[in-house]
Amino acid sequence: MVPNGRHVAAAGRSSARWLFLCAALIAIGGGLLIASADGVPAVAVTETGGVYTVSASFAVHESPQTVIDVLTDYDRIPKFMPDVQVSRVIERTSNGAVVEQQAVSRFMLFSKAVHLLLDVQENGHAIRFRDRSGKSFVSYQGGWNISEHDSMTVVDYHLAAKPTFDVPAFVLKRLLKRDSALLIDRIKAEITLRENLRK
């Protein structure tokens, strides 16, 4: 529920940060954009009929295998993504896993909790996910694609999600785009750390 009056903006920020937290930290997704040459993530956020689509792309020097190791290390996500309180594998399948995640995003006096139960499919350099709980989103699905271009590993992310809360679209889109760069930076830092540990 979104408060009225002067609290609307603050509630919008909280919900936006929460939505992208889920989108970018679930460690599962696929994308449409090309990362810039300097490694800065390219991000786009659109909304149609209440469904928010987040597409992001970034490039790293580390190996595709290291990227995959980070994105599929579901139990360790809270270690490098502190806003994710719980991330645990409930079941291993022949080509993926069922992952439960809980996260809380706070802004000023407001907070928003999210619960996801993700069916994850791992297929080489493609990882796909879909929430089957329906608790925090009417629909929530996306994926990661990992590819090599020249000497770089390009990571593309895509998410389509319809939240169960009401927030002005322009507020969500602006904050989703802003916060995405910060969240991707955390993923990139973990990728670099893992690569260094391999050496």
# chains A, B, ... in the order shown; residues from 1 in each chain; ligands from 1
$ select_by_dssp --residues "region 50-146 of chain A" --states "alpha helix (DSSP H)" --output "list in words"
Pro64, Gln65, Thr66, Val67, Ile68, Asp69, Val70, Leu71, Ile77, Pro78, Lys79 and Phe80 of chain A
$ write_last_selection --atoms "all heavy atoms" --output "tab-separated table (two decimals), in the first residue's frame"
chain	number	residue	atom	x	y	z
A	64	PRO	N	34.42	-16.37	-18.49
A	64	PRO	CA	32.99	-16.71	-18.41
A	64	PRO	C	32.70	-17.68	-17.27
A	64	PRO	O	31.65	-17.58	-16.62
A	64	PRO	CB	32.71	-17.36	-19.77
A	64	PRO	CG	33.70	-16.74	-20.69
A	64	PRO	CD	34.94	-16.57	-19.86
A	65	GLN	N	33.60	-18.62	-17.00
A	65	GLN	CA	33.36	-19.58	-15.94
A	65	GLN	C	33.29	-18.91	-14.57
A	65	GLN	O	32.48	-19.28	-13.73
A	65	GLN	CB	34.44	-20.66	-15.93
A	65	GLN	CG	34.14	-21.81	-14.95
A	65	GLN	CD	32.78	-22.46	-15.22
A	65	GLN	OE1	32.53	-22.90	-16.34
A	65	GLN	NE2	31.92	-22.53	-14.22
A	66	THR	N	34.15	-17.91	-14.36
A	66	THR	CA	34.10	-17.19	-13.09
A	66	THR	C	32.78	-16.44	-12.95
A	66	THR	O	32.17	-16.42	-11.86
A	66	THR	CB	35.27	-16.19	-12.99
A	66	THR	OG1	36.50	-16.91	-13.08
A	66	THR	CG2	35.22	-15.44	-11.66
A	67	VAL	N	32.30	-15.85	-14.01
A	67	VAL	CA	31.01	-15.15	-13.99
A	67	VAL	C	29.89	-16.13	-13.64
A	67	VAL	O	29.04	-15.85	-12.78
A	67	VAL	CB	30.74	-14.48	-15.34
A	67	VAL	CG1	29.32	-13.90	-15.37
A	67	VAL	CG2	31.77	-13.39	-15.62
A	68	ILE	N	29.89	-17.28	-14.30
A	68	ILE	CA	28.86	-18.29	-14.03
A	68	ILE	C	28.93	-18.76	-12.59
A	68	ILE	O	27.90	-18.95	-11.92
A	68	ILE	CB	29.01	-19.47	-15.00
A	68	ILE	CG1	28.70	-19.02	-16.43
A	68	ILE	CG2	28.10	-20.63	-14.60
A	68	ILE	CD1	29.05	-20.03	-17.49
A	69	ASP	N	30.15	-18.95	-12.08
A	69	ASP	CA	30.32	-19.39	-10.68
A	69	ASP	C	29.68	-18.41	-9.71
A	69	ASP	O	29.05	-18.81	-8.72
A	69	ASP	CB	31.80	-19.56	-10.36
A	69	ASP	CG	32.42	-20.77	-11.04
A	69	ASP	OD1	31.67	-21.61	-11.57
A	69	ASP	OD2	33.66	-20.86	-11.07
A	70	VAL	N	29.83	-17.11	-9.97
A	70	VAL	CA	29.25	-16.09	-9.10
A	70	VAL	C	27.72	-16.09	-9.21
A	70	VAL	O	27.00	-16.09	-8.20
A	70	VAL	CB	29.81	-14.69	-9.43
A	70	VAL	CG1	29.03	-13.60	-8.69
A	70	VAL	CG2	31.29	-14.62	-9.07
A	71	LEU	N	27.22	-16.13	-10.42
A	71	LEU	CA	25.78	-16.01	-10.63
A	71	LEU	C	25.00	-17.23	-10.14
A	71	LEU	O	23.81	-17.14	-9.86
A	71	LEU	CB	25.48	-15.78	-12.11
A	71	LEU	CG	26.01	-14.47	-12.70
A	71	LEU	CD1	25.69	-14.39	-14.19
A	71	LEU	CD2	25.42	-13.27	-11.98
A	77	ILE	N	25.02	-15.61	-1.93
A	77	ILE	CA	24.60	-14.29	-2.38
A	77	ILE	C	24.56	-13.27	-1.24
A	77	ILE	O	25.02	-12.13	-1.41
A	77	ILE	CB	23.25	-14.36	-3.11
A	77	ILE	CG1	23.45	-15.00	-4.49
A	77	ILE	CG2	22.61	-12.99	-3.26
A	77	ILE	CD1	22.18	-15.23	-5.25
A	78	PRO	N	24.06	-13.60	-0.04
A	78	PRO	CA	24.05	-12.60	1.03
A	78	PRO	C	25.44	-12.12	1.43
A	78	PRO	O	25.58	-11.04	2.02
A	78	PRO	CB	23.37	-13.34	2.19
A	78	PRO	CG	22.51	-14.37	1.52
A	78	PRO	CD	23.32	-14.82	0.34
A	79	LYS	N	26.49	-12.89	1.13
A	79	LYS	CA	27.85	-12.49	1.49
A	79	LYS	C	28.31	-11.27	0.70
A	79	LYS	O	29.03	-10.41	1.23
A	79	LYS	CB	28.83	-13.65	1.24
A	79	LYS	CG	28.56	-14.90	2.06
A	79	LYS	CD	28.80	-14.66	3.54
A	79	LYS	CE	28.62	-15.96	4.32
A	79	LYS	NZ	28.82	-15.75	5.77
A	80	PHE	N	27.93	-11.20	-0.58
A	80	PHE	CA	28.35	-10.06	-1.38
A	80	PHE	C	27.19	-9.16	-1.77
A	80	PHE	O	27.40	-8.12	-2.41
A	80	PHE	CB	29.13	-10.50	-2.63
A	80	PHE	CG	28.41	-11.44	-3.56
A	80	PHE	CD1	27.70	-10.98	-4.64
A	80	PHE	CD2	28.49	-12.82	-3.35
A	80	PHE	CE1	27.06	-11.84	-5.51
A	80	PHE	CE2	27.86	-13.70	-4.22
A	80	PHE	CZ	27.14	-13.20	-5.30
$ residues_around --residues "Leu116 (chain A)" --least-positions-apart "2" --cutoff "10 Å" --atoms "only C-alpha atoms" --output "list in words"
Cys22, Ile26, Ser87, Val99, Glu100, Gln101, Gln102, Ala103, Val114, Leu118, Asp119, Arg130, Asp131, Arg132, Ser133, Gly134, Lys135, Ser136, Phe137 and Tyr140 of chain A
$ write_last_selection --atoms "N, CA and C atoms" --output "mmCIF file, in the first residue's frame"
data_model
loop_
_atom_site.group_PDB
_atom_site.id
_atom_site.type_symbol
_atom_site.label_atom_id
_atom_site.label_comp_id
_atom_site.auth_asym_id
_atom_site.auth_seq_id
_atom_site.Cartn_x
_atom_site.Cartn_y
_atom_site.Cartn_z
ATOM 1 N N CYS A 22 15.608 -7.228 -6.134
ATOM 2 C CA CYS A 22 15.215 -8.561 -6.574
ATOM 3 C C CYS A 22 15.722 -8.825 -7.983
ATOM 4 N N ILE A 26 19.154 -11.593 -7.666
ATOM 5 C CA ILE A 26 18.700 -12.963 -7.591
ATOM 6 C C ILE A 26 19.739 -13.879 -8.206
ATOM 7 N N SER A 87 19.190 -16.560 1.046
ATOM 8 C CA SER A 87 19.253 -17.147 -0.292
ATOM 9 C C SER A 87 19.739 -18.571 -0.103
ATOM 10 N N VAL A 99 15.417 -22.132 -5.735
ATOM 11 C CA VAL A 99 16.099 -21.238 -4.800
ATOM 12 C C VAL A 99 15.090 -20.348 -4.101
ATOM 13 N N GLU A 100 15.138 -20.330 -2.781
ATOM 14 C CA GLU A 100 14.302 -19.425 -1.994
ATOM 15 C C GLU A 100 15.131 -18.206 -1.605
ATOM 16 N N GLN A 101 14.540 -17.022 -1.780
ATOM 17 C CA GLN A 101 15.230 -15.795 -1.419
ATOM 18 C C GLN A 101 14.301 -14.829 -0.707
ATOM 19 N N GLN A 102 14.885 -14.126 0.285
ATOM 20 C CA GLN A 102 14.162 -13.077 0.994
ATOM 21 C C GLN A 102 15.088 -11.869 1.093
ATOM 22 N N ALA A 103 14.530 -10.693 0.850
ATOM 23 C CA ALA A 103 15.309 -9.467 0.907
ATOM 24 C C ALA A 103 14.453 -8.350 1.473
ATOM 25 N N VAL A 114 10.548 -8.795 0.327
ATOM 26 C CA VAL A 114 10.201 -9.576 -0.859
ATOM 27 C C VAL A 114 10.528 -11.037 -0.597
ATOM 28 N N LEU A 118 12.318 -19.434 -6.687
ATOM 29 C CA LEU A 118 12.719 -19.403 -8.086
ATOM 30 C C LEU A 118 13.007 -20.782 -8.649
ATOM 31 N N ASP A 119 12.383 -21.068 -9.769
ATOM 32 C CA ASP A 119 12.787 -22.220 -10.581
ATOM 33 C C ASP A 119 13.909 -21.737 -11.494
ATOM 34 N N ARG A 130 12.323 -18.189 -12.920
ATOM 35 C CA ARG A 130 10.903 -17.803 -12.843
ATOM 36 C C ARG A 130 10.410 -18.023 -11.430
ATOM 37 N N ASP A 131 9.746 -17.017 -10.871
ATOM 38 C CA ASP A 131 9.189 -17.142 -9.523
ATOM 39 C C ASP A 131 7.898 -17.941 -9.579
ATOM 40 N N ARG A 132 7.771 -18.901 -8.690
ATOM 41 C CA ARG A 132 6.541 -19.694 -8.660
ATOM 42 C C ARG A 132 5.730 -19.475 -7.384
ATOM 43 N N SER A 133 6.196 -18.566 -6.507
ATOM 44 C CA SER A 133 5.463 -18.346 -5.261
ATOM 45 C C SER A 133 4.305 -17.368 -5.441
ATOM 46 N N GLY A 134 4.486 -16.337 -6.267
ATOM 47 C CA GLY A 134 3.447 -15.342 -6.474
ATOM 48 C C GLY A 134 3.195 -14.452 -5.280
ATOM 49 N N LYS A 135 4.092 -14.463 -4.298
ATOM 50 C CA LYS A 135 3.854 -13.689 -3.081
ATOM 51 C C LYS A 135 4.144 -12.205 -3.251
ATOM 52 N N SER A 136 5.237 -11.884 -3.930
ATOM 53 C CA SER A 136 5.635 -10.485 -4.068
ATOM 54 C C SER A 136 5.403 -9.932 -5.465
ATOM 55 N N PHE A 137 5.244 -10.824 -6.442
ATOM 56 C CA PHE A 137 5.037 -10.413 -7.823
ATOM 57 C C PHE A 137 3.924 -11.223 -8.455
ATOM 58 N N TYR A 140 7.204 -12.798 -12.568
ATOM 59 C CA TYR A 140 8.603 -12.458 -12.353
ATOM 60 C C TYR A 140 9.446 -13.515 -13.049
#
$ residues_around --residues "Thr164 (chain A)" --least-positions-apart "2" --cutoff "12 Å" --atoms "only C-alpha atoms" --output "MDAnalysis selection string"
chainID A and resid 1:2 15 19 50:52 112:115 134:140 161:162 166:167
$ write_last_selection --atoms "N, CA, C and O atoms" --output "compact mmCIF listing (two decimals), in the first residue's frame"
# COMPACT_ATOMS: atom_id res chain seq x y z
N MET A 1 0.86 -1.19 0.00
CA MET A 1 0.00 0.00 0.00
C MET A 1 0.89 1.24 0.00
O MET A 1 1.83 1.33 0.79
N VAL A 2 0.61 2.21 -0.85
CA VAL A 2 1.42 3.41 -0.95
C VAL A 2 0.78 4.51 -0.13
O VAL A 2 -0.39 4.86 -0.34
N SER A 15 10.03 1.12 -2.69
CA SER A 15 9.55 0.06 -3.55
C SER A 15 10.45 -0.12 -4.76
O SER A 15 10.70 -1.24 -5.20
N LEU A 19 12.42 -3.47 -5.76
CA LEU A 19 12.19 -4.18 -7.01
C LEU A 19 13.50 -4.46 -7.73
O LEU A 19 13.73 -5.55 -8.20
N GLY A 50 1.82 -2.28 -16.59
CA GLY A 50 2.18 -2.66 -15.23
C GLY A 50 3.33 -3.63 -15.12
O GLY A 50 3.72 -4.00 -14.02
N VAL A 51 3.88 -4.06 -16.26
CA VAL A 51 5.03 -4.96 -16.27
C VAL A 51 6.29 -4.13 -16.51
O VAL A 51 6.39 -3.40 -17.50
N TYR A 52 7.25 -4.23 -15.60
CA TYR A 52 8.50 -3.50 -15.71
C TYR A 52 9.56 -4.42 -16.29
O TYR A 52 9.79 -5.53 -15.79
N LYS A 112 10.48 -2.50 2.59
CA LYS A 112 9.69 -3.41 1.76
C LYS A 112 10.38 -4.76 1.74
O LYS A 112 11.58 -4.86 1.47
N ALA A 113 9.63 -5.79 2.04
CA ALA A 113 10.18 -7.15 2.04
C ALA A 113 9.72 -7.88 0.80
O ALA A 113 8.63 -7.62 0.27
N VAL A 114 10.55 -8.79 0.33
CA VAL A 114 10.20 -9.58 -0.86
C VAL A 114 10.53 -11.04 -0.60
O VAL A 114 11.51 -11.35 0.09
N HIS A 115 9.69 -11.89 -1.12
CA HIS A 115 9.92 -13.33 -1.03
C HIS A 115 9.80 -13.93 -2.42
O HIS A 115 8.83 -13.66 -3.14
N GLY A 134 4.49 -16.34 -6.27
CA GLY A 134 3.45 -15.34 -6.47
C GLY A 134 3.20 -14.45 -5.28
O GLY A 134 2.21 -13.72 -5.24
N LYS A 135 4.09 -14.46 -4.30
CA LYS A 135 3.85 -13.69 -3.08
C LYS A 135 4.14 -12.20 -3.25
O LYS A 135 3.40 -11.36 -2.76
N SER A 136 5.24 -11.88 -3.93
CA SER A 136 5.63 -10.49 -4.07
C SER A 136 5.40 -9.93 -5.46
O SER A 136 5.40 -8.72 -5.65
N PHE A 137 5.24 -10.82 -6.44
CA PHE A 137 5.04 -10.41 -7.82
C PHE A 137 3.92 -11.22 -8.46
O PHE A 137 3.80 -12.42 -8.21
N VAL A 138 3.14 -10.55 -9.29
CA VAL A 138 2.16 -11.26 -10.09
C VAL A 138 2.89 -12.16 -11.08
O VAL A 138 2.51 -13.31 -11.32
N SER A 139 3.95 -11.61 -11.69
CA SER A 139 4.81 -12.39 -12.58
C SER A 139 6.24 -11.90 -12.42
O SER A 139 6.46 -10.70 -12.18
N TYR A 140 7.20 -12.80 -12.57
CA TYR A 140 8.60 -12.46 -12.35
C TYR A 140 9.45 -13.52 -13.05
O TYR A 140 9.49 -14.67 -12.63
N ALA A 161 8.91 -8.10 -14.73
CA ALA A 161 8.25 -8.33 -13.45
C ALA A 161 7.06 -7.40 -13.29
O ALA A 161 7.11 -6.22 -13.66
N LYS A 162 5.98 -7.96 -12.76
CA LYS A 162 4.80 -7.17 -12.44
C LYS A 162 4.59 -7.20 -10.94
O LYS A 162 4.20 -8.22 -10.37
N ASP A 166 1.43 -0.68 -5.92
CA ASP A 166 1.22 0.43 -6.83
C ASP A 166 2.19 1.57 -6.50
O ASP A 166 2.17 2.11 -5.39
N VAL A 167 3.02 1.92 -7.48
CA VAL A 167 3.95 3.04 -7.38
C VAL A 167 3.95 3.75 -8.72
O VAL A 167 3.88 3.09 -9.76
$ closest_residue --among "A:Asn196, A:Leu183, A:Asp156, A:Ala42" --to "Pro82 (chain A)" --atoms "only C-alpha atoms"
A:Leu183
$ closest_residue --among "A:Leu117, A:Thr46, A:Glu91, A:Val84" --to "Val104 (chain A)" --atoms "only C-alpha atoms"
A:Val84
$ select_by_dssp --residues "region 53-182 of chain A" --states "strand (DSSP E or B)" --output "VMD selection string"
chain A and resid 53 to 60 84 to 93 96 to 107 110 to 123 126 to 131 137 to 149 152 to 163
